[in-house]
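**Student:** Pasting target_5.cif here (mmCIF, C-alpha atoms):
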```cif
data_target
#
loop_
_atom_site.label_atom_id
_atom_site.label_comp_id
_atom_site.auth_asym_id
_atom_site.auth_seq_id
_atom_site.Cartn_x
_atom_site.Cartn_y
_atom_site.Cartn_z
CA MET A 8 82.09 115.93 72.58
CA ASN A 9 81.15 115.73 76.27
CA VAL A 10 81.70 112.24 77.66
CA LEU A 11 80.47 110.99 81.02
CA ILE A 12 81.76 107.81 82.66
CA SER A 13 79.71 106.24 85.46
CA ARG A 14 81.69 104.11 87.93
CA THR A 15 80.25 103.80 91.44
CA ASP A 16 81.53 100.43 92.67
CA ALA A 17 84.91 99.44 94.18
CA ILE A 18 88.07 101.55 94.43
CA GLY A 19 90.19 99.14 92.38
CA ASP A 20 87.56 99.13 89.61
CA LEU A 21 87.62 102.90 89.53
CA VAL A 22 91.43 103.03 89.29
CA LEU A 23 91.37 100.61 86.36
CA THR A 24 88.80 102.81 84.63
CA LEU A 25 91.14 105.84 84.64
CA PRO A 26 92.96 104.61 81.48
CA MET A 27 89.70 105.19 79.58
CA ILE A 28 90.12 108.89 80.26
CA TYR A 29 93.71 108.93 78.97
CA PHE A 30 92.71 106.94 75.88
CA ILE A 31 89.80 109.26 75.02
CA LYS A 32 91.95 112.37 75.46
CA LYS A 33 94.70 110.91 73.29
CA LYS A 34 92.33 109.99 70.45
CA ILE A 35 89.88 112.90 70.82
CA PRO A 36 91.83 115.77 72.47
CA GLU A 37 88.89 118.18 72.34
CA ALA A 38 86.65 115.82 74.34
CA LYS A 39 85.52 116.95 77.78
CA ILE A 40 85.25 114.13 80.29
CA TYR A 41 83.01 113.95 83.34
CA LEU A 42 82.65 111.31 86.04
CA VAL A 43 79.91 109.97 88.29
CA THR A 44 81.21 108.05 91.27
CA SER A 45 80.45 107.11 94.88
CA PRO A 46 81.34 109.10 98.03
CA ARG A 47 84.06 106.64 99.07
CA ASN A 48 85.70 106.74 95.63
CA SER A 49 85.45 110.45 94.88
CA ALA A 50 88.64 111.26 96.79
CA PHE A 51 90.63 108.97 94.49
CA ALA A 52 89.12 110.21 91.21
CA ILE A 53 90.71 113.66 91.14
CA ASP A 54 92.45 114.05 87.79
CA PRO A 55 93.25 117.15 85.71
CA MET A 56 91.73 115.45 82.66
CA ILE A 57 88.33 115.26 84.38
CA GLU A 58 86.22 118.41 83.95
CA ASP A 59 83.89 117.72 86.88
CA ILE A 60 82.82 114.91 89.21
CA LEU A 61 79.33 114.17 90.50
CA VAL A 62 79.34 112.26 93.79
CA LEU A 63 76.23 110.08 93.92
CA ASP A 64 75.04 109.33 97.45
CA PRO A 65 73.39 105.87 97.47
CA LYS A 66 71.56 106.77 100.70
CA SER A 67 69.55 109.56 99.08
CA SER A 68 66.16 108.84 97.53
CA LEU A 69 65.85 107.55 93.97
CA PHE A 70 63.96 110.70 92.96
CA LEU A 71 66.67 112.96 94.37
CA ARG A 72 69.44 111.00 92.64
CA LEU A 73 67.64 111.08 89.28
CA LYS A 74 67.05 114.81 89.64
CA GLN A 75 70.68 115.44 90.62
CA LEU A 76 71.99 113.37 87.70
CA SER A 77 69.67 114.90 85.11
CA HIS A 78 70.70 118.39 86.20
CA PHE A 79 74.39 117.44 85.95
CA TYR A 80 73.92 115.95 82.46
CA LEU A 81 72.03 118.98 81.15
CA LYS A 82 74.35 121.54 82.75
CA ASN A 83 77.40 119.91 81.16
CA LYS A 84 75.66 119.06 77.87
CA ILE A 85 76.60 115.38 78.11
CA ASN A 86 76.16 113.65 74.74
CA ARG A 87 78.16 110.45 75.28
CA TYR A 88 77.46 108.24 78.30
CA PHE A 89 79.37 105.15 79.46
CA PHE A 90 78.24 102.82 82.25
CA MET A 91 81.25 100.93 83.64
CA GLY A 92 79.95 99.46 86.90
CA GLY A 93 77.94 100.03 90.05
CA SER A 94 74.52 101.64 90.29
CA SER A 95 72.21 101.63 87.25
CA VAL A 96 70.53 104.87 88.37
CA PRO A 97 72.94 107.06 86.30
CA THR A 98 72.01 104.99 83.22
CA ILE A 99 68.28 105.45 83.85
CA ALA A 100 68.87 109.19 84.27
CA ALA A 101 70.83 109.23 80.98
CA LEU A 102 67.82 107.72 79.19
CA PHE A 103 65.38 110.17 80.77
CA SER A 104 67.72 113.07 79.98
CA GLY A 105 67.64 112.26 76.27
CA ILE A 106 71.27 111.17 75.90
CA PHE A 107 71.11 109.13 72.70
CA PHE A 108 74.59 107.59 72.95
CA ARG A 109 74.55 105.25 75.95
CA GLY A 110 77.53 102.91 75.93
CA GLY A 111 79.33 100.76 78.42
CA VAL A 112 79.36 97.21 79.71
CA LYS A 113 76.34 94.99 79.12
CA SER A 114 76.77 92.91 82.25
CA ARG A 115 73.21 92.82 83.62
CA PHE A 116 69.75 92.50 82.08
CA ILE A 117 68.90 96.17 82.67
CA ASN A 118 72.03 97.20 80.80
CA PHE A 119 70.91 95.26 77.72
CA LEU A 120 67.71 97.31 77.78
CA LEU A 121 69.26 100.72 78.46
CA LEU A 122 72.64 100.73 76.69
CA ASN A 123 72.08 101.17 72.96
CA LYS A 124 75.83 101.49 72.34
CA GLY A 125 76.92 99.00 74.97
CA ILE A 126 79.26 96.08 74.42
CA ARG A 127 78.84 92.57 75.75
CA GLN A 128 82.09 91.09 77.03
CA LYS A 129 82.75 87.64 78.49
CA ARG A 130 85.27 88.87 81.01
CA SER A 131 85.17 85.50 82.79
CA LEU A 132 87.26 84.14 79.89
CA VAL A 133 90.09 86.43 81.05
CA GLU A 134 91.38 87.08 77.56
CA MET A 135 92.92 90.38 78.66
CA HIS A 136 93.45 92.65 81.65
CA GLU A 137 90.47 94.44 83.23
CA ALA A 138 91.84 97.82 82.12
CA ALA A 139 92.04 96.54 78.54
CA TYR A 140 88.44 95.31 78.70
CA ASN A 141 87.46 98.81 79.81
CA LEU A 142 89.28 100.40 76.88
CA LYS A 143 87.54 98.08 74.42
CA VAL A 144 84.19 99.54 75.49
CA LEU A 145 85.19 102.78 73.72
CA ALA A 146 84.94 101.21 70.24
CA PRO A 147 81.47 102.75 69.50
CA LEU A 148 83.10 106.20 69.71
CA GLY A 149 84.87 105.30 66.47
CA ILE A 150 88.14 104.75 68.28
CA ASP A 151 90.21 101.85 66.95
CA THR A 152 90.82 99.57 69.93
CA SER A 153 91.94 96.54 67.88
CA ILE A 154 95.59 97.33 68.57
CA LEU A 155 96.32 98.82 71.95
CA HIS A 156 98.87 98.33 74.67
CA VAL A 157 97.25 98.76 78.05
CA GLU A 158 100.70 99.49 79.49
CA ASP A 159 100.59 102.80 77.61
CA PHE A 160 97.56 103.83 79.66
CA THR A 161 98.44 102.67 83.15
CA PRO A 162 96.55 104.46 85.95
CA VAL A 163 98.21 107.47 87.55
CA ILE A 164 97.07 109.31 90.66
CA LEU A 165 98.52 112.77 91.13
CA ILE A 166 98.95 114.74 94.33
CA SER A 167 99.79 118.43 93.97
CA GLU A 168 102.76 119.82 95.89
CA GLU A 169 100.45 122.04 97.93
CA GLU A 170 98.18 119.15 98.91
CA LYS A 171 101.13 116.88 99.58
CA GLU A 172 102.52 119.38 102.05
CA THR A 173 99.19 119.45 103.89
CA LEU A 174 98.82 115.68 103.88
CA SER A 175 102.43 115.20 104.99
CA HIS A 176 101.79 117.45 107.99
CA GLN A 177 98.67 115.45 108.90
CA LEU A 178 100.53 112.17 108.55
CA LYS A 179 103.43 113.24 110.73
CA SER A 180 100.98 114.20 113.47
CA ILE A 181 99.72 110.60 113.78
CA LEU A 182 102.54 108.38 112.47
CA PRO A 183 105.38 107.72 114.95
CA PHE A 184 107.97 106.78 112.29
CA GLU A 185 109.03 107.45 108.70
CA ASN A 186 110.62 104.34 107.15
CA TYR A 187 107.81 101.85 106.70
CA PHE A 188 106.19 99.18 104.57
CA VAL A 189 102.41 99.16 104.16
CA ILE A 190 100.78 95.80 104.87
CA HIS A 191 97.16 95.40 103.81
CA PRO A 192 96.16 91.90 105.00
CA GLY A 193 92.39 92.14 104.52
CA MET A 194 90.14 91.60 101.54
CA THR A 195 86.40 91.81 100.98
CA GLY A 196 84.46 89.54 98.66
CA HIS A 197 85.25 85.94 97.78
CA THR A 198 88.75 86.31 96.38
CA LEU A 199 91.29 83.96 97.95
CA ASN A 200 93.75 85.61 100.31
CA TRP A 201 97.04 84.69 101.93
CA PRO A 202 96.71 83.40 105.53
CA VAL A 203 96.80 86.09 108.20
CA ARG A 204 99.47 84.21 110.17
CA ASN A 205 101.76 84.39 107.13
CA TYR A 206 101.48 88.17 106.98
CA VAL A 207 102.57 88.35 110.62
CA ARG A 208 105.40 85.83 110.12
CA LEU A 209 106.55 87.86 107.11
CA MET A 210 106.69 91.02 109.22
CA LEU A 211 108.89 89.22 111.73
CA GLN A 212 111.21 88.06 108.94
CA ILE A 213 111.41 91.59 107.54
CA ASN A 214 112.18 92.96 110.99
CA ARG A 215 115.12 90.57 111.38
CA PHE A 216 116.76 91.56 108.11
CA TYR A 217 115.60 95.19 107.86
CA PRO A 218 115.40 96.41 111.47
CA GLN A 219 115.10 100.01 110.28
CA ILE A 220 111.75 99.24 108.64
CA ASN A 221 108.44 99.77 110.47
CA PHE A 222 104.93 98.77 109.41
CA VAL A 223 101.68 100.55 108.68
CA VAL A 224 98.86 98.00 108.66
CA THR A 225 95.90 99.43 106.73
CA SER A 226 92.30 98.27 106.90
CA THR A 227 88.65 99.31 106.76
CA LYS A 228 85.65 98.11 108.75
CA SER A 229 84.94 95.53 106.05
CA ASP A 230 88.28 93.90 106.96
CA GLU A 231 87.19 93.36 110.56
CA LYS A 232 87.40 89.56 110.44
CA TYR A 233 90.92 89.62 109.02
CA MET A 234 92.05 92.21 111.52
CA ARG A 235 90.62 90.28 114.45
CA ASP A 236 92.65 87.24 113.40
CA PHE A 237 95.64 89.49 112.73
CA HIS A 238 95.60 90.92 116.26
CA HIS A 239 95.15 87.45 117.72
CA GLU A 240 98.19 86.15 115.86
CA LEU A 241 100.22 89.22 116.73
CA SER A 242 99.50 88.77 120.45
CA LYS A 243 101.61 85.60 120.55
CA GLU A 244 104.86 85.88 122.48
CA GLU A 245 107.05 85.18 119.46
CA TYR A 246 105.94 88.45 117.85
CA GLN A 247 106.48 90.78 120.79
CA THR A 248 109.49 92.39 119.09
CA LEU A 249 107.04 93.90 116.60
CA ALA A 250 104.90 95.62 119.22
CA ASP A 251 106.46 99.08 118.86
CA LYS A 252 106.99 98.88 115.12
CA ILE A 253 103.38 98.72 113.92
CA PHE A 254 100.87 101.50 113.32
CA PHE A 255 97.30 100.42 112.60
CA TYR A 256 95.51 102.67 110.14
CA LEU A 257 91.72 102.32 109.97
CA GLY A 258 90.72 104.16 106.83
CA ASP A 259 87.09 104.71 107.83
CA ASN A 260 88.17 107.14 110.56
CA ARG A 261 90.57 109.23 108.46
CA PRO A 262 90.40 111.59 105.45
CA PRO A 263 90.41 109.40 102.30
CA ARG A 264 93.21 111.37 100.64
CA LEU A 265 95.46 110.71 103.63
CA LEU A 266 95.64 107.08 102.53
CA LEU A 267 97.25 108.28 99.30
CA GLU A 268 99.97 110.04 101.28
CA ILE A 269 100.59 106.90 103.35
CA LEU A 270 100.89 104.79 100.21
CA SER A 271 103.04 107.28 98.30
CA GLU A 272 105.54 107.62 101.17
CA ALA A 273 105.76 103.88 101.82
CA LYS A 274 108.95 102.08 100.82
CA LEU A 275 106.84 99.12 99.74
CA PHE A 276 103.23 97.88 99.65
CA ILE A 277 102.45 94.23 100.44
CA GLY A 278 98.98 92.80 100.05
CA PRO A 279 96.37 90.96 97.96
CA SER A 280 94.27 92.13 95.02
CA THR A 281 92.55 95.15 96.58
CA GLY A 282 91.82 98.81 95.96
CA PRO A 283 94.83 99.92 98.05
CA MET A 284 97.09 97.72 95.91
CA HIS A 285 95.90 99.50 92.75
CA LEU A 286 96.19 102.88 94.46
CA ALA A 287 99.78 102.06 95.44
CA THR A 288 100.76 101.14 91.89
CA ALA A 289 99.05 104.26 90.52
CA LEU A 290 101.17 106.28 92.96
CA LYS A 291 104.30 104.51 91.66
CA THR A 292 104.99 102.82 95.00
CA LYS A 293 106.81 99.48 94.85
CA VAL A 294 104.39 96.57 95.25
CA VAL A 295 104.54 92.91 96.21
CA ALA A 296 101.10 91.48 95.42
CA LEU A 297 99.63 88.06 96.21
CA PHE A 298 97.05 86.70 93.78
CA SER A 299 94.66 83.76 93.61
CA PRO A 300 95.14 81.27 90.73
CA ILE A 301 91.40 81.31 89.90
CA ALA A 302 91.02 82.88 86.44
CA THR A 303 88.64 85.75 87.27
CA GLN A 304 90.68 86.58 90.40
CA SER A 305 94.09 86.20 88.78
CA ARG A 306 96.91 88.59 88.02
CA TRP A 307 96.07 88.29 84.31
CA ARG A 308 92.74 90.00 84.97
CA TRP A 309 93.50 92.22 87.98
CA GLY A 310 97.28 92.43 88.33
CA PRO A 311 99.07 95.73 89.06
CA LEU A 312 99.83 97.91 86.05
CA GLY A 313 102.97 99.97 85.80
CA GLU A 314 106.73 99.71 85.58
CA LYS A 315 107.68 96.05 85.95
CA GLU A 316 110.75 96.79 88.05
CA ARG A 317 108.46 98.29 90.69
CA MET A 318 106.40 95.17 91.26
CA GLN A 319 106.50 91.51 92.12
CA VAL A 320 103.39 89.32 91.79
CA LEU A 321 103.14 85.92 93.45
CA THR A 322 100.58 83.19 92.72
CA PRO A 323 100.41 79.62 94.11
CA ASP A 324 102.28 77.16 91.92
CA VAL A 325 99.26 74.99 91.15
CA VAL A 326 97.30 73.97 88.07
CA CYS A 327 93.96 75.67 88.68
CA GLY A 328 91.27 75.14 86.06
CA GLU A 329 88.59 77.15 87.88
CA ARG A 330 87.25 80.35 86.39
CA THR A 331 85.05 81.95 89.03
CA LYS A 332 85.26 80.34 92.45
CA CYS A 333 87.27 77.90 94.53
CA LEU A 334 86.15 74.26 94.66
CA GLY A 335 87.14 74.12 98.30
CA ALA A 336 88.00 70.77 99.86
CA SER A 337 87.16 68.93 96.62
CA CYS A 338 90.16 70.55 94.91
CA PRO A 339 93.39 68.50 95.09
CA TYR A 340 95.34 71.71 95.74
CA PHE A 341 93.11 73.00 98.55
CA GLU A 342 94.15 75.17 100.33
CA CYS A 343 96.43 76.67 97.69
CA MET A 344 97.26 80.16 98.94
CA PRO A 345 99.52 78.90 101.78
CA LYS A 346 101.63 77.31 99.03
CA ILE A 347 103.05 80.80 98.63
CA GLU A 348 105.56 80.50 101.45
CA VAL A 349 106.80 83.31 103.63
CA LYS A 350 110.30 82.86 102.22
CA ASP A 351 108.90 83.31 98.68
CA VAL A 352 107.39 86.67 99.56
CA PHE A 353 110.48 87.71 101.49
CA ASN A 354 112.70 86.87 98.50
CA ALA A 355 110.43 88.98 96.29
CA ILE A 356 110.84 91.85 98.77
CA VAL A 357 114.62 91.51 98.72
CA GLU A 358 114.61 91.54 94.92
CA ILE A 359 112.47 94.64 94.62
CA PHE A 360 113.68 96.52 97.70
#
```
Would you encode the structure as structure tokens?
**Tutor:**
Amino acid sequence: MNVLISRTDAIGDLVLTLPMIYFIKKKIPEAKIYLVTSPRNSAFAIDPMIEDILVLDPKSSLFLRLKQLSHFYLKNKINRYFFMGGSSVPTIAALFSGIFFRGGVKSRFINFLLLNKGIRQKRSLVEMHEAAYNLKVLAPLGIDTSILHVEDFTPVILISEEEKETLSHQLKSILPFENYFVIHPGMTGHTLNWPVRNYVRLMLQINRFYPQINFVVTSTKSDEKYMRDFHHELSKEEYQTLADKIFFYLGDNRPPRLLLEILSEAKLFIGPSTGPMHLATALKTKVVALFSPIATQSRWRWGPLGEKERMQVLTPDVVCGERTKCLGASCPYFECMPKIEVKDVFNAIVEIF
């Protein structure tokens, strides 16, 4: 059995799809697993259980992508296809390539037409974790998913000793210190985030109690708004003691795998529900995560997976009945994220660190 999983959207989504690979290999050891993913995610999808990875460039023409995909399917004799998110082009190519078994998530109209083994899931009900939803999609393979513990299939990202040595050398050439926490204050999309000023105030609090700790603040170009506010807040006189203790890491300008080394060597990761948060947990780094109370954005759907003693998850202490988006000023708890106080996050850090 040659199984291909297509996942070309966000980094966090990709990380939470990795348990599918572990689950397939456990239930069908002889299965060969292949992956289609995006250029930005390919660096984080390296796993010994994956036979080969096709990196799909969204900037190339539709014809070229279909040709590239069809060749990949035929070369590897793919006979089981799963669409898990992102571009529908791999699914179209699977149909044209004669792959009869086309499973995955029926989340859009085109998927209802193209996925003859797909499963419709109302993930907005948040009846389980995202990783568990992904595992349930494997039921048409004849795998019993009625009783499963997603904790048994938590994502793991491996770095070989040889690569780690190379990455460590690269990191030391740019990073002026060793003992550090990673702070990732930005977030794309519409998920609620903790106020930027609170991240900076937290850093000041950490510096007072743990003066040996420095900070690596990670971001991408999509976090530009957050980072602009972050720099503005940091420029205030009360935060001048932090000036020499912060290294700003813009991921767009660095090798993607270098971010893994930064996260794996960090004493702690602090941030919202983002790809870097899931990468950190998959690397077994300690995590303090801040989550929105809205159901589809909550810890119950997207929370970090791994050893509980390595993580602390904080959510505003409010009664939120919303499933998909914030009501804004019409909500009696608006704004709710600042209800997570700096002292709450600091106490979580003390407990875990």
**Student:** Which of these, A:Ile12, A:His191, A:Lys228, A:Asp324, has the shortest distance to Gly110 in chain A once you count only C-alpha atoms?
**Tutor:**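 The answer is A:Ile12, which sits nearest to Gly110 in chain A.
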**Student:** So, counting all atoms listed in the file, which residue among A:Leu71, A:Leu61, A:Ala50, A:Leu182 is closest to Val223 in chain A?
**Tutor:**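 Of A:Leu71, A:Leu61, A:Ala50, A:Leu182, the one nearest Val223 in chain A is A:Leu182, counting all atoms listed in the file.
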**Student:** With the file shown as input, list the residues that the PyMOL selection byres ((chain A and resi 307) around 12) selects, as a PyMOL selection string.
**Tutor:** chain A and resi 130-140+280+298-306+308-312+320-322
**Student:** Just to confirm, what's the straight-line distance from CA of Ser68 in chain A to CA of Gly111 in chain A in Å (one decimal)?
**Tutor:** 24.6 Å
**Student:** From the set A:Thr98, A:Asn205, A:Asn86, A:Ser271, which residue has the shortest atom-to-atom contact distance to Glu240 in chain A, counting all atoms listed in the file?
**Tutor:** A:Asn205
**Student:** What does the distance from CA of Pro323 in chain A to CA of Lys346 in chain A come to in Å, to one decimal?
**Tutor:**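 About the pair CA of Pro323 in chain A and CA of Lys346 in chain A: they are 5.6 Å apart.
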**Student:** Need the neighbours of (75.1, 99.0, 75.9): which residues are at most 8 Å away, counting all atoms listed in the file, as a PyMOL selection string?
**Tutor:** chain A and resi 109-113+118-127
**Student:** Take range 131-148 of chain A from the preceding structure and save N, CA and C atoms as a tab-separated table (two decimals), in the first residue's frame.
**Tutor:**
```tsv
chain	number	residue	atom	x	y	z
A	131	SER	N	-16.09	22.43	13.72
A	131	SER	CA	-16.48	23.61	14.50
A	131	SER	C	-17.15	23.23	15.81
A	132	LEU	N	-17.62	21.97	15.93
A	132	LEU	CA	-18.22	21.52	17.19
A	132	LEU	C	-17.16	21.26	18.26
A	133	VAL	N	-15.92	21.13	17.83
A	133	VAL	CA	-14.77	20.91	18.72
A	133	VAL	C	-15.06	19.75	19.68
A	134	GLU	N	-15.35	18.61	19.11
A	134	GLU	CA	-15.60	17.42	19.91
A	134	GLU	C	-14.31	16.68	20.25
A	135	MET	N	-13.22	17.07	19.60
A	135	MET	CA	-11.92	16.45	19.86
A	135	MET	C	-10.82	17.37	19.36
A	136	HIS	N	-9.58	16.97	19.60
A	136	HIS	CA	-8.43	17.75	19.16
A	136	HIS	C	-8.27	17.64	17.65
A	137	GLU	N	-7.64	18.64	17.04
A	137	GLU	CA	-7.42	18.64	15.59
A	137	GLU	C	-6.66	17.39	15.13
A	138	ALA	N	-5.67	16.97	15.89
A	138	ALA	CA	-4.91	15.78	15.53
A	138	ALA	C	-5.79	14.53	15.54
A	139	ALA	N	-6.75	14.49	16.47
A	139	ALA	CA	-7.67	13.35	16.54
A	139	ALA	C	-8.62	13.36	15.35
A	140	TYR	N	-9.10	14.55	14.97
A	140	TYR	CA	-9.92	14.67	13.76
A	140	TYR	C	-9.17	14.12	12.56
A	141	ASN	N	-7.88	14.46	12.46
A	141	ASN	CA	-7.08	13.99	11.34
A	141	ASN	C	-6.97	12.47	11.32
A	142	LEU	N	-6.80	11.87	12.49
A	142	LEU	CA	-6.69	10.42	12.57
A	142	LEU	C	-8.00	9.73	12.17
A	143	LYS	N	-9.11	10.35	12.49
A	143	LYS	CA	-10.42	9.77	12.15
A	143	LYS	C	-10.62	9.63	10.65
A	144	VAL	N	-9.93	10.48	9.88
A	144	VAL	CA	-10.06	10.45	8.42
A	144	VAL	C	-9.54	9.14	7.84
A	145	LEU	N	-8.74	8.40	8.61
A	145	LEU	CA	-8.15	7.15	8.14
A	145	LEU	C	-9.10	5.97	8.19
A	146	ALA	N	-10.30	6.15	8.70
A	146	ALA	CA	-11.25	5.04	8.85
A	146	ALA	C	-11.49	4.26	7.54
A	147	PRO	N	-11.61	4.92	6.36
A	147	PRO	CA	-11.84	4.16	5.12
A	147	PRO	C	-10.71	3.19	4.74
A	148	LEU	N	-9.54	3.31	5.40
A	148	LEU	CA	-8.47	2.34	5.17
A	148	LEU	C	-8.75	1.02	5.87
```
